[in-house]
Amino acid sequence: MSEFPYLTVLTVAPLVGAVVVALLPRSRPELAKRVALGWSLAVLALAVATWVAFDPGGERFQLRDSYPWIPHWGVNFTFAADGIALVMLGLIALLVPVVILASWHDAERPDAKRSVPAFFSLILALEFTMIGVFAAADVFLFYVFFEIMLVPMYFLIGSYGGARRQYAAVKFFLYALVGGLFMLAAVIGLWVVGGNTLDWQALTQAEIAIETQRWLFLGFFLAFAIKAPFFPFHTWLPDAGGAAPAGVAVLLVGVLDKVATFGILRYSLPLFPEASRWFAPVALALAVIGILYAALLAVGQNDLKRLVAYTSIAHFGFIGVGIFVFTTQAGTGAVLYMVNHGLATGLLFLVVGMLVARRGSALISDFGGAGKMVPLLAGVLLFAGMASLSLPGLAPFISEFLVLAGAFSANKPVAVLSTLGIILAAAYVLWMIQRTTHGTLNPTLTSVEGMKRDLSLREKVVVAPMIALIVLFGFYPKPLTDVINPAVEATLSHLEVTDSTSTEAQP
Amino acid sequence: MTDFTLPSIDYRAISPMVILFGAACLGVLVEAVLPRRLRYPIQLGLSLVAVLAAFGMVISLAGTEVVTAGGAVAVDGPALFLQGALLVFGFVGLLLIADRRPEPGGAFVDQAAIPVGSQADLRQASAPSATEVFPLALFSLTGMALFLTANDLLTMFVALEVLSLPLYLMCALARRRRLLSQEAAVKYFLLGAYSSAFFLFGVVLAYGFAGSVSFNEINRAVDESTMHQGLLYASLALIAIGLLFKVAAAPFHVWAPDVYQGAPTPVTGFMAACTKIAAFGALLRVLYVAFQQLAWDWLPVLGTIAVLTMLVGAVLAVTQTDIKRLLAYSSIANAGFVLVGMLAIDQSGASTAMFYLAAYGFTVLAAFGAITLIRDQDGESTHLSRWAGLGKRSPLLAGLFTLLMLALAGIPLTSGFTAKFAVFSAALSAGEAWLVIAGVLSSLIIAFPYLRVVVMMWLSEPGEATATVVRPGVLTATALGVGALATVALGIVPGPVLDLAHNAAVFIP
C-alpha cells in the first residue's frame, strides 16, 4: 500500500466530477463547462503528482492499492502502475482538459436542444473509465472498465455526433461488445485454470497448458484486435471517427484504441507467453496489412475525419509490429508510439475539427487554398501533418525509428514492408494538406462566414500544449523512455525471448 | 385394524406456505363478504402483510434442514433461498398488480365473464378492477412455494397445478385488449394442461420403476430396481418436459411470447420472475436429488436444450417490434443461461443458478413495471416505434430502462454481468466449454435488440406517435426503485448474495 492512494483517487476523481456536472442545471451551460474544465485540470495536477511519486529506477509495479471486492471469486479492486500505464495515465490526464476546451461549443451545434452538462459529464465519466482501465491490476477489474468504457463513448457519438451518428454509435458498440464477450469467455477460462483468482501477479506465475493458453490468447486477442483496430476488424473506426465530434474522436483514437495495445502488452504477452510466440507471425501479418491497406485507403478519402481515422489504423499497425517482434527496442518504440500518436493524431483531429466547424463540411473538395484565409490554422495543420508522417525533430519520429530499427533486427521482411508505410504516410498527409490549404482558393470559401476567422485565443490555448510537447519529446524523450524501458524489458522477460537489442533507446 | 400413525408435520418449517395459503383463503372470504368499496384496501393490505410475514418466517428458518409432512416436503437451503427470493418478487409483483394509477381503475377488468364488445362490456370499461386478483396471486405464490419444497413427485404435481391454475386465470383479466388477453390465457391453459399431463405420465413411469414417488426412493432405486431402465429414462424425459415447459425452454417455449404479450403487464412481470424461480427450483431438486446418478446421461441432452434455448431466444428476439414479446424472448434466452449454470452439477452449479434467478427477477420486474407507465390513448404503448425519442421527453424513465437493457445485455457493474460471470464460470469449471461458447454467442446476438431499444429512446427524434410517460404512483415507483437498486447493487457488490447462495446450495438427500 502506498502512503497516499494516488491511483484510487486518480480513478475516482473524474467519476465524482461527472456526477457533479450531470447534476448542474441545463439552463446554465457555461457553468457546466467551467466546472468540467476546472475538474479535469485538477485531475491533471493529480496525474503530475502521481508521475512524481513514481520512481523510474524502482520496482516494476508501484503505487499499489488493493481493496477486497468479491472474495467469492478472488477478485479485488487492485490498482498498480508500471511505466507503460504511467505514461498512458499522463496522456489521458493531459488530453481530457484539451478536449474539453476544444469542444467548448460542440455540444450546442447544430441545434441547441441537446444538454450541455450531459456532454461534459459524459466526457468526465469516460475519463474515469479510461484511467481505470490503465490503472487496474486485476483482470476482472480491467475487464469491467474495458466494457463500461463503451457506454459513455456510445452516447457521446450517438447523441452529439454528426451525420450517420446513430449508425456509427451502434456499430461501435456492437463491434466492441462482440470482442468483449469473447474476452469474457477467456477471462472466465483464465479464472478456472489460474486457480480461481484473477489477480495479475498470481496469474503470471500460473502454469497454463499450451492448448488452453492458445484458446485464451485468441479470446483476448479478438477483443484487442477489434478495439485497436487491426485489419480486418477495423471497419467501425472510420464510421465512428467520422461521426463523432472532433474532441470525442481525439479521445477515441488517442486513448480508447490504446487500451487494446496496452492490453496486449500487459495481459496477452505475460499471461500467455507461448501462445504469443505462436501467434506472432499472424499478428505481424495483420499489422503490416493494416499499415499498407489503411494508408492506401487514407490516400483516397474525401472526408477529412475519415481520413484521419484511417491514418490511425495505419499507425496502430506500426504499434502492433513494435509489440510482436519481441525486441526491447521495438517494444519501447511501440509504447512511445502510443503516447506520440495520442499527441500527434490528437492534434490532427483537433485541427481538422476546427476546419470542419468553420466550413460546415468535412469534405476535402469543399476546401482548397484555405491557407489564404486562415493562415495560422493552416500552419498548425501543416505541423500536425508533419508530426503524423514522423518528420525528424518531432516526437513521432523517435518512436517510429525505434519500432523500425527494433523490427529490422528481428524480422527484416516485416521491417521493410512497414517502412513503405512511411512513404504512404507522406502521400496521404501531404496530398491532404495540399488539397485543403494550398493551391488556388476555392471560390465557395469566401462566402462562408466561419472561414474568415483564424485561430481564436481558446483554440490557440488548445493547440499550444500539444505542439510544445510534440516538439519537446522530439528532442528529449528521455523522461518517457526512462519509465517505459524497464517496464517493456520486464514484459518481454516473461516471453524468454533472446533479445539482441536490450540497450536503452538512444534519442 | 392396524394403528394408523399420523405423519409428523413441522409446522414451523412449512409456515411460510401456511401463511400464504391462509391469507389466500381469507382473501376469498373478503371477496364474498365485504362490500365492494372496502375490498381493494383490505385485499392489498392482506396480501402484502401475508407476503411480508411469510418472508419473515423464511428468514427465521435460515439454516433449517428438515424433511417433513411424511416425507412430502423438504425444507433445506435451496428451498429457503428460493422461497425468500420468490417472496420478494411476489411482494414487488403485488405492488405492480395493485397500482391503479397508470391505468385508471387498475389493469384488470371488473367482470371478466362479460363477453367482449357487448353493451355490458362497454358499460364496465371504467369500473374499478376486480380484486380477485389478489387471492389468485396468493394461491399461485403458495403453489410456487410448495413447488420449491416438494420432496416427492405427487406433491410436486399438486403444487404445479396450484401454481398454474390461478396464473391461467390472471392472464385473462386484462382491461384493455381483452380478446388478446383471453387468447393468451387459453393458449397457456391448453399447453400447460398438456405439459402437466406429460409430467403426470412421467410420475407414473417413475412410480413403476421405483415403487415410490419420493425422491430419495427414486434415487435409491436407480441402482437397486429390477425394472427395465427404459422406464427410468422415459420418466425423466417426461418429467423434464413438464418442467421445461414452465421455464419456457426450447423447444417448449412457443407459448411464452403470446402469453407474455397478451397477459396484463403486471401479471407478465409476476410470471417472468416468480414462475421461473419456482420451476427452476423444482428442476434443480429433481435433477440433483432424484436423478442425480444419471447425471452423465441427462447432461448432454439438457446441454443441447440449453444451447437451443439460448440461441432460439436470442435469434428470435432480434426481429421483434413489440417490447413485451422482445422481453419474452429475452426471458427464454435467460432461462437458457440458468440451465447452463445448472449443468455444472455441483454446489457451484446450484448456487450460480440461484444467484442468476435472483438477479434476473429484479431486472425483469422493473422492466415490466416501466412498461406499464408508457401509454397512449389506447392504453399501453408496447410497439417499439412508439418509443422513439422517449429519452428527450422522460429522461428519468428512459435512463432507468437503459440501465435495465444494459443489465440484460450483461454490461459490467450491473447484476446481469455478475450473474452471467457466475453461471459461465461454474460451467467452465465443470469443463463444459461448449455451453459457455454458446452462451457468449447468444449474449452477442441478443445485445442487438436491447441496443435497438436504447437507440429508439435516446437517438431518435420524438414523433407524433410517440407515447407519453405517466407519472407512477407510489406502488409502481417503489417496485421500479427496488428493481433498479437491486440491479446496480448486485452488479457492484454481489459478494454477500453470492456467498449466501453458495452456502445455501446443499440439498437434503
# chains A, B, ... in the order shown; residues from 1 in each chain; ligands from 1

call {"tool": "residues_around", "arguments": {"residues": "range 27-35 of chain B", "least_positions_apart": "3", "cutoff": "10 Å", "atoms": "only C-alpha atoms", "output": "MDAnalysis selection string"}}
result
chainID B and resid 21:24 38:40 42:44 46:47 130:136 138:139

call {"tool": "interface_residues", "arguments": {"of": "chain B", "to": "chain A", "cutoff": "8 Å", "atoms": "only C-alpha atoms", "output": "count of residues only"}}
result
24

call {"tool": "residues_around", "arguments": {"residues": "Ser442 in chain B", "least_positions_apart": "5", "cutoff": "8 Å", "atoms": "only C-alpha atoms", "output": "list of chain:residue names"}}
result
B:Met310, B:Leu311, B:Ala314, B:Val315, B:Ala333

call {"tool": "select_by_dssp", "arguments": {"residues": "range 54-279 of chain B", "states": "helix (DSSP H, G or I)", "output": "ChimeraX atom specification"}}
result
/B:54-60,77-98,119-126,133-149,153-171,178-210,215-224,229-247,255-262,265-279

call {"tool": "residues_around", "arguments": {"residues": "range 277-293 of chain A", "least_positions_apart": "5", "cutoff": "8 Å", "atoms": "only C-alpha atoms", "output": "list in words"}}
result
Phe230, Phe231, Pro232, Ile313, Ala314, His315, Phe316, Gly317, Phe318, Gly320, Val321, Phe324, Val325, Val414, Leu417, Ser418, Leu420, Gly421, Leu424 and Leu495 of chain A

call {"tool": "write_last_selection", "arguments": {"atoms": "N, CA and C atoms", "output": "PDB file, in the first residue's frame"}}
result
ATOM      1  N   PHE A 230      -7.231  -3.749 -35.532  1.00  0.00           N
ATOM      2  CA  PHE A 230      -6.373  -4.353 -36.530  1.00  0.00           C
ATOM      3  C   PHE A 230      -7.228  -4.783 -37.704  1.00  0.00           C
ATOM      4  N   PHE A 231      -6.625  -4.752 -38.906  1.00  0.00           N
ATOM      5  CA  PHE A 231      -7.294  -5.377 -40.036  1.00  0.00           C
ATOM      6  C   PHE A 231      -7.584  -6.812 -39.652  1.00  0.00           C
ATOM      7  N   PRO A 232      -8.680  -7.455 -39.973  1.00  0.00           N
ATOM      8  CA  PRO A 232      -9.841  -6.977 -40.725  1.00  0.00           C
ATOM      9  C   PRO A 232     -11.014  -6.517 -39.873  1.00  0.00           C
ATOM     10  N   ILE A 313      -5.551   3.837 -38.071  1.00  0.00           N
ATOM     11  CA  ILE A 313      -5.433   2.390 -38.258  1.00  0.00           C
ATOM     12  C   ILE A 313      -4.033   2.041 -38.734  1.00  0.00           C
ATOM     13  N   ALA A 314      -3.510   2.854 -39.645  1.00  0.00           N
ATOM     14  CA  ALA A 314      -2.160   2.597 -40.149  1.00  0.00           C
ATOM     15  C   ALA A 314      -1.136   2.712 -39.030  1.00  0.00           C
ATOM     16  N   HIS A 315      -1.274   3.747 -38.197  1.00  0.00           N
ATOM     17  CA  HIS A 315      -0.322   3.912 -37.095  1.00  0.00           C
ATOM     18  C   HIS A 315      -0.377   2.742 -36.143  1.00  0.00           C
ATOM     19  N   PHE A 316      -1.605   2.244 -35.899  1.00  0.00           N
ATOM     20  CA  PHE A 316      -1.712   1.104 -34.986  1.00  0.00           C
ATOM     21  C   PHE A 316      -1.057  -0.145 -35.556  1.00  0.00           C
ATOM     22  N   GLY A 317      -0.966  -0.214 -36.870  1.00  0.00           N
ATOM     23  CA  GLY A 317      -0.206  -1.305 -37.457  1.00  0.00           C
ATOM     24  C   GLY A 317       1.251  -1.233 -37.015  1.00  0.00           C
ATOM     25  N   PHE A 318       1.797  -0.008 -36.981  1.00  0.00           N
ATOM     26  CA  PHE A 318       3.175   0.143 -36.515  1.00  0.00           C
ATOM     27  C   PHE A 318       3.325  -0.300 -35.072  1.00  0.00           C
ATOM     28  N   GLY A 320       1.512  -2.419 -33.524  1.00  0.00           N
ATOM     29  CA  GLY A 320       1.425  -3.880 -33.495  1.00  0.00           C
ATOM     30  C   GLY A 320       2.737  -4.529 -33.899  1.00  0.00           C
ATOM     31  N   VAL A 321       3.372  -3.993 -34.944  1.00  0.00           N
ATOM     32  CA  VAL A 321       4.674  -4.521 -35.345  1.00  0.00           C
ATOM     33  C   VAL A 321       5.653  -4.398 -34.189  1.00  0.00           C
ATOM     34  N   PHE A 324       4.944  -7.134 -31.539  1.00  0.00           N
ATOM     35  CA  PHE A 324       5.060  -8.562 -31.822  1.00  0.00           C
ATOM     36  C   PHE A 324       6.404  -8.989 -32.393  1.00  0.00           C
ATOM     37  N   VAL A 325       7.364  -8.075 -32.572  1.00  0.00           N
ATOM     38  CA  VAL A 325       8.695  -8.547 -32.953  1.00  0.00           C
ATOM     39  C   VAL A 325       9.524  -8.903 -31.730  1.00  0.00           C
ATOM     40  N   VAL A 414       9.326  -7.877 -42.423  1.00  0.00           N
ATOM     41  CA  VAL A 414       8.303  -7.038 -41.783  1.00  0.00           C
ATOM     42  C   VAL A 414       8.765  -5.604 -41.715  1.00  0.00           C
ATOM     43  N   LEU A 417       8.619  -3.891 -45.179  1.00  0.00           N
ATOM     44  CA  LEU A 417       7.248  -3.573 -45.594  1.00  0.00           C
ATOM     45  C   LEU A 417       6.677  -2.421 -44.775  1.00  0.00           C
ATOM     46  N   SER A 418       7.010  -2.409 -43.473  1.00  0.00           N
ATOM     47  CA  SER A 418       6.478  -1.333 -42.639  1.00  0.00           C
ATOM     48  C   SER A 418       7.056   0.006 -43.056  1.00  0.00           C
ATOM     49  N   LEU A 420       7.675   0.987 -45.919  1.00  0.00           N
ATOM     50  CA  LEU A 420       6.885   1.519 -47.029  1.00  0.00           C
ATOM     51  C   LEU A 420       5.741   2.385 -46.508  1.00  0.00           C
ATOM     52  N   GLY A 421       5.278   2.037 -45.282  1.00  0.00           N
ATOM     53  CA  GLY A 421       4.199   2.806 -44.697  1.00  0.00           C
ATOM     54  C   GLY A 421       4.541   4.275 -44.543  1.00  0.00           C
ATOM     55  N   LEU A 424       3.838   6.011 -47.762  1.00  0.00           N
ATOM     56  CA  LEU A 424       2.397   6.222 -47.949  1.00  0.00           C
ATOM     57  C   LEU A 424       1.881   7.295 -47.009  1.00  0.00           C
ATOM     58  N   LEU A 495       8.468 -13.502 -21.851  1.00  0.00           N
ATOM     59  CA  LEU A 495       8.438 -14.285 -23.065  1.00  0.00           C
ATOM     60  C   LEU A 495       9.702 -15.118 -23.232  1.00  0.00           C
TER      61      LEU A 495
END

call {"tool": "atom_distance", "arguments": {"atom1": "CA of Val308 in chain A", "atom2": "CA of Ser40 in chain A"}}
result
25.7 Å

call {"tool": "atom_distance", "arguments": {"atom1": "CA of Ser348 in chain B", "atom2": "CA of Phe507 in chain B"}}
result
12.3 Å

call {"tool": "residues_around", "arguments": {"residues": "Ala125 in chain A", "least_positions_apart": "4", "cutoff": "8 Å", "atoms": "only C-alpha atoms", "output": "count of residues only"}}
result
7

call {"tool": "residues_around", "arguments": {"residues": "range 194-207 of chain B", "least_positions_apart": "3", "cutoff": "10 Å", "atoms": "only C-alpha atoms", "output": "JSON, numbers by chain"}}
result
{"B": [152, 153, 154, 156, 157, 160, 161, 164, 188, 189, 190, 191, 210, 211, 212, 213, 214, 215, 217, 218, 221, 230, 231, 232, 233, 234, 235, 236, 237, 238, 239, 240, 241, 242, 243, 244, 245, 246, 252]}

call {"tool": "residues_around", "arguments": {"residues": "Ala415 in chain A", "least_positions_apart": "4", "cutoff": "9 Å", "atoms": "only C-alpha atoms", "output": "PyMOL selection string"}}
result
chain A and resi 288+321+403-411+419-420

call {"tool": "closest_residue", "arguments": {"among": "B:Leu82, B:Ala263, B:Val88, B:Val162", "to": "Lys276 in chain B", "atoms": "only C-alpha atoms"}}
result
B:Leu82

call {"tool": "atom_distance", "arguments": {"atom1": "CA of Gly208 in chain B", "atom2": "CA of Thr226 in chain B"}}
result
10.8 Å

call {"tool": "closest_residue", "arguments": {"among": "B:Arg220, B:Lys420, B:Arg471, B:His383", "to": "Val453 in chain B", "atoms": "only C-alpha atoms"}}
result
B:His383

call {"tool": "closest_residue", "arguments": {"among": "B:His253, B:Arg386, B:Arg37, B:Lys324", "to": "Thr372 in chain B", "atoms": "only C-alpha atoms"}}
result
B:Lys324

call {"tool": "select_by_dssp", "arguments": {"residues": "range 317-458 of chain B", "states": "strand (DSSP E)", "output": "PyMOL selection string"}}
result
chain B and resi 374-376+379-380

call {"tool": "write_last_selection", "arguments": {"atoms": "C-alpha atoms", "output": "PDB file, in the first residue's frame"}}
result
ATOM      1  CA  ILE B 374     -45.573   4.129 -21.200  1.00  0.00           C
ATOM      2  CA  ARG B 375     -49.027   4.767 -22.580  1.00  0.00           C
ATOM      3  CA  ASP B 376     -51.087   6.475 -25.230  1.00  0.00           C
ATOM      4  CA  GLY B 379     -53.606   2.008 -23.248  1.00  0.00           C
ATOM      5  CA  GLU B 380     -50.094   0.680 -23.047  1.00  0.00           C
TER       6      GLU B 380
END

call {"tool": "closest_residue", "arguments": {"among": "A:Thr261, A:Ser312, A:Phe61, A:Leu269", "to": "Gln201 in chain A", "atoms": "only C-alpha atoms"}}
result
A:Phe61

call {"tool": "decode", "arguments": {"residues": "range 268-408 of chain B", "atoms": "C-alpha atoms", "output": "JSON list (two decimals), in the first residue's frame"}}
result
[["chain", "number", "residue", "atom", "x", "y", "z"],
["B", 268, "THR", "CA", -46.39, -10.81, -17.05],
["B", 269, "GLY", "CA", -43.78, -9.39, -14.70],
["B", 270, "PHE", "CA", -45.07, -11.59, -11.90],
["B", 271, "MET", "CA", -44.88, -14.65, -14.15],
["B", 272, "ALA", "CA", -41.48, -13.85, -15.57],
["B", 273, "ALA", "CA", -39.88, -13.50, -12.17],
["B", 274, "CYS", "CA", -41.77, -15.87, -9.89],
["B", 275, "THR", "CA", -42.70, -18.79, -12.13],
["B", 276, "LYS", "CA", -39.12, -19.08, -13.29],
["B", 277, "ILE", "CA", -37.86, -19.31, -9.74],
["B", 278, "ALA", "CA", -40.40, -21.94, -8.83],
["B", 279, "ALA", "CA", -39.88, -24.05, -11.91],
["B", 280, "PHE", "CA", -36.10, -23.90, -11.83],
["B", 281, "GLY", "CA", -36.08, -24.69, -8.13],
["B", 282, "ALA", "CA", -38.15, -27.77, -8.80],
["B", 283, "LEU", "CA", -35.98, -28.77, -11.76],
["B", 284, "LEU", "CA", -32.89, -28.40, -9.61],
["B", 285, "ARG", "CA", -34.33, -30.63, -6.95],
["B", 286, "VAL", "CA", -35.50, -33.27, -9.41],
["B", 287, "LEU", "CA", -32.13, -33.40, -11.18],
["B", 288, "TYR", "CA", -29.84, -33.02, -8.20],
["B", 289, "VAL", "CA", -31.70, -35.28, -5.76],
["B", 290, "ALA", "CA", -33.85, -37.79, -7.61],
["B", 291, "PHE", "CA", -31.94, -38.38, -10.81],
["B", 292, "GLN", "CA", -28.52, -37.33, -9.69],
["B", 293, "GLN", "CA", -26.89, -40.62, -10.53],
["B", 294, "LEU", "CA", -27.96, -40.37, -14.12],
["B", 295, "ALA", "CA", -26.12, -37.08, -14.48],
["B", 296, "TRP", "CA", -23.83, -38.31, -17.25],
["B", 297, "ASP", "CA", -26.90, -39.31, -19.22],
["B", 298, "TRP", "CA", -29.01, -36.22, -18.92],
["B", 299, "LEU", "CA", -26.14, -33.74, -19.11],
["B", 300, "PRO", "CA", -25.66, -33.82, -22.91],
["B", 301, "VAL", "CA", -29.39, -33.72, -23.56],
["B", 302, "LEU", "CA", -30.04, -30.83, -21.23],
["B", 303, "GLY", "CA", -26.94, -29.15, -22.53],
["B", 304, "THR", "CA", -28.33, -29.32, -26.04],
["B", 305, "ILE", "CA", -31.63, -27.94, -24.78],
["B", 306, "ALA", "CA", -29.77, -25.12, -23.04],
["B", 307, "VAL", "CA", -27.88, -24.21, -26.21],
["B", 308, "LEU", "CA", -31.05, -24.39, -28.27],
["B", 309, "THR", "CA", -32.91, -22.25, -25.75],
["B", 310, "MET", "CA", -30.26, -19.57, -25.67],
["B", 311, "LEU", "CA", -29.94, -19.40, -29.43],
["B", 312, "VAL", "CA", -33.68, -19.51, -30.13],
["B", 313, "GLY", "CA", -34.35, -16.81, -27.58],
["B", 314, "ALA", "CA", -31.55, -14.61, -28.89],
["B", 315, "VAL", "CA", -32.15, -15.02, -32.61],
["B", 316, "LEU", "CA", -35.92, -14.60, -32.46],
["B", 317, "ALA", "CA", -35.59, -11.57, -30.21],
["B", 318, "VAL", "CA", -33.70, -9.67, -32.89],
["B", 319, "THR", "CA", -36.68, -9.07, -35.16],
["B", 320, "GLN", "CA", -39.26, -8.24, -32.51],
["B", 321, "THR", "CA", -41.03, -4.92, -32.64],
["B", 322, "ASP", "CA", -43.18, -5.29, -29.54],
["B", 323, "ILE", "CA", -41.36, -4.75, -26.28],
["B", 324, "LYS", "CA", -43.34, -7.38, -24.38],
["B", 325, "ARG", "CA", -42.56, -10.04, -26.97],
["B", 326, "LEU", "CA", -38.95, -8.91, -27.00],
["B", 327, "LEU", "CA", -38.73, -9.36, -23.24],
["B", 328, "ALA", "CA", -40.46, -12.74, -23.61],
["B", 329, "TYR", "CA", -37.76, -13.99, -25.97],
["B", 330, "SER", "CA", -35.17, -12.46, -23.71],
["B", 331, "SER", "CA", -36.75, -14.42, -20.88],
["B", 332, "ILE", "CA", -36.37, -17.59, -22.93],
["B", 333, "ALA", "CA", -32.70, -16.84, -23.54],
["B", 334, "ASN", "CA", -32.14, -16.12, -19.86],
["B", 335, "ALA", "CA", -33.73, -19.47, -19.00],
["B", 336, "GLY", "CA", -31.02, -20.97, -21.19],
["B", 337, "PHE", "CA", -28.33, -19.17, -19.19],
["B", 338, "VAL", "CA", -29.73, -20.55, -15.93],
["B", 339, "LEU", "CA", -29.70, -24.03, -17.47],
["B", 340, "VAL", "CA", -26.02, -23.53, -18.34],
["B", 341, "GLY", "CA", -25.26, -22.79, -14.71],
["B", 342, "MET", "CA", -27.30, -25.73, -13.51],
["B", 343, "LEU", "CA", -25.41, -28.15, -15.71],
["B", 344, "ALA", "CA", -22.28, -27.79, -13.61],
["B", 345, "ILE", "CA", -23.86, -30.45, -11.37],
["B", 346, "ASP", "CA", -22.12, -29.46, -8.20],
["B", 347, "GLN", "CA", -22.63, -26.99, -5.42],
["B", 348, "SER", "CA", -21.48, -24.13, -7.56],
["B", 349, "GLY", "CA", -23.93, -25.15, -10.27],
["B", 350, "ALA", "CA", -26.90, -24.86, -7.98],
["B", 351, "SER", "CA", -25.66, -21.69, -6.30],
["B", 352, "THR", "CA", -24.91, -19.80, -9.51],
["B", 353, "ALA", "CA", -28.27, -20.80, -10.98],
["B", 354, "MET", "CA", -30.00, -19.47, -7.86],
["B", 355, "PHE", "CA", -28.00, -16.25, -7.96],
["B", 356, "TYR", "CA", -28.88, -15.75, -11.62],
["B", 357, "LEU", "CA", -32.58, -16.25, -10.89],
["B", 358, "ALA", "CA", -32.46, -13.72, -8.09],
["B", 359, "ALA", "CA", -30.60, -11.13, -10.17],
["B", 360, "TYR", "CA", -32.74, -11.63, -13.27],
["B", 361, "GLY", "CA", -36.02, -11.41, -11.35],
["B", 362, "PHE", "CA", -35.32, -7.88, -10.12],
["B", 363, "THR", "CA", -34.38, -6.68, -13.57],
["B", 364, "VAL", "CA", -37.37, -8.18, -15.35],
["B", 365, "LEU", "CA", -39.89, -6.96, -12.76],
["B", 366, "ALA", "CA", -38.58, -3.42, -13.05],
["B", 367, "ALA", "CA", -38.68, -3.67, -16.85],
["B", 368, "PHE", "CA", -42.32, -4.73, -16.95],
["B", 369, "GLY", "CA", -43.14, -2.16, -14.32],
["B", 370, "ALA", "CA", -41.64, 0.54, -16.53],
["B", 371, "ILE", "CA", -43.67, -0.71, -19.50],
["B", 372, "THR", "CA", -46.91, -0.12, -17.57],
["B", 373, "LEU", "CA", -46.03, 3.58, -17.47],
["B", 374, "ILE", "CA", -45.57, 4.13, -21.20],
["B", 375, "ARG", "CA", -49.03, 4.77, -22.58],
["B", 376, "ASP", "CA", -51.09, 6.47, -25.23],
["B", 377, "GLN", "CA", -54.83, 6.89, -25.62],
["B", 378, "ASP", "CA", -55.31, 3.19, -26.37],
["B", 379, "GLY", "CA", -53.61, 2.01, -23.25],
["B", 380, "GLU", "CA", -50.09, 0.68, -23.05],
["B", 381, "SER", "CA", -47.91, 1.51, -25.98],
["B", 382, "THR", "CA", -45.76, -1.53, -26.49],
["B", 383, "HIS", "CA", -44.77, -1.15, -30.12],
["B", 384, "LEU", "CA", -41.16, -0.01, -30.28],
["B", 385, "SER", "CA", -41.81, 2.64, -32.91],
["B", 386, "ARG", "CA", -43.89, 4.45, -30.31],
["B", 387, "TRP", "CA", -40.87, 4.70, -28.06],
["B", 388, "ALA", "CA", -38.90, 6.97, -30.38],
["B", 389, "GLY", "CA", -37.39, 9.88, -28.55],
["B", 390, "LEU", "CA", -38.63, 8.90, -25.10],
["B", 391, "GLY", "CA", -35.28, 9.94, -23.74],
["B", 392, "LYS", "CA", -35.98, 13.54, -24.52],
["B", 393, "ARG", "CA", -39.47, 13.53, -23.04],
["B", 394, "SER", "CA", -38.81, 11.49, -19.91],
["B", 395, "PRO", "CA", -35.08, 11.14, -19.30],
["B", 396, "LEU", "CA", -35.55, 9.53, -15.91],
["B", 397, "LEU", "CA", -37.66, 6.64, -17.13],
["B", 398, "ALA", "CA", -35.59, 6.23, -20.26],
["B", 399, "GLY", "CA", -32.46, 6.22, -18.12],
["B", 400, "LEU", "CA", -33.95, 3.55, -15.88],
["B", 401, "PHE", "CA", -34.95, 1.42, -18.84],
["B", 402, "THR", "CA", -31.50, 1.89, -20.39],
["B", 403, "LEU", "CA", -29.98, 0.61, -17.15],
["B", 404, "LEU", "CA", -32.22, -2.46, -17.34],
["B", 405, "MET", "CA", -31.37, -3.07, -21.00],
["B", 406, "LEU", "CA", -27.65, -2.79, -20.23],
["B", 407, "ALA", "CA", -28.15, -5.21, -17.34],
["B", 408, "LEU", "CA", -29.87, -7.73, -19.59]]
